[in-house]
Amino acid sequence: MKRGITLLILSGTLALSACSTPPTNAQVGATAGAVIGGVVGSAFTGSTAGTVIGAGAGAAVGHEIGRRIK
C-alpha cells in the first residue's frame, strides 16, 4: 500500500518537474486528484486495484475542477 502511494507521488512529481512552463490549473488538479484518489481508494479497498481506480477517478475529477478554475 505504501509503495503504491509513494510511486504515485513520485511519478506526479516527476511529471510536473519535467515541464518547462508552470503547470496549468488542470494539471495541478489532476495530480492532486490522483494522489488523493489513490489514498482514498487504498484506504477503502486495501488493494492495488482500488488504489489505481481511485487514482484514475481522482485525476479525472481533479482535472475538470482545475480546468474550471480561472
# chains A, B, ... in the order shown; residues from 1 in each chain; ligands from 1
$ select_by_dssp --residues "chain A" --states "helix (DSSP H, G or I)" --output "MDAnalysis selection string"
chainID A and resid 2:17 25:45 48:68
$ residues_around --residues "A:Gly12" --least-positions-apart "5" --cutoff "9 Å" --atoms "only C-alpha atoms" --output "compact mmCIF listing (two decimals) with C-alpha atoms, in the first residue's frame"
# COMPACT_ATOMS: atom_id res chain seq x y z
CA LEU A 7 5.24 5.57 -6.52
CA SER A 17 9.09 18.81 -12.82
CA THR A 31 -2.07 15.50 -9.93
CA ALA A 32 -3.70 16.41 -6.63
CA ALA A 34 -4.74 11.36 -8.44
CA VAL A 35 -2.87 11.44 -5.14
$ closest_residue --among "A:Asn25, A:Lys2, A:Ala15, A:Gly38" --to "A:Val52" --atoms "only C-alpha atoms"
A:Gly38
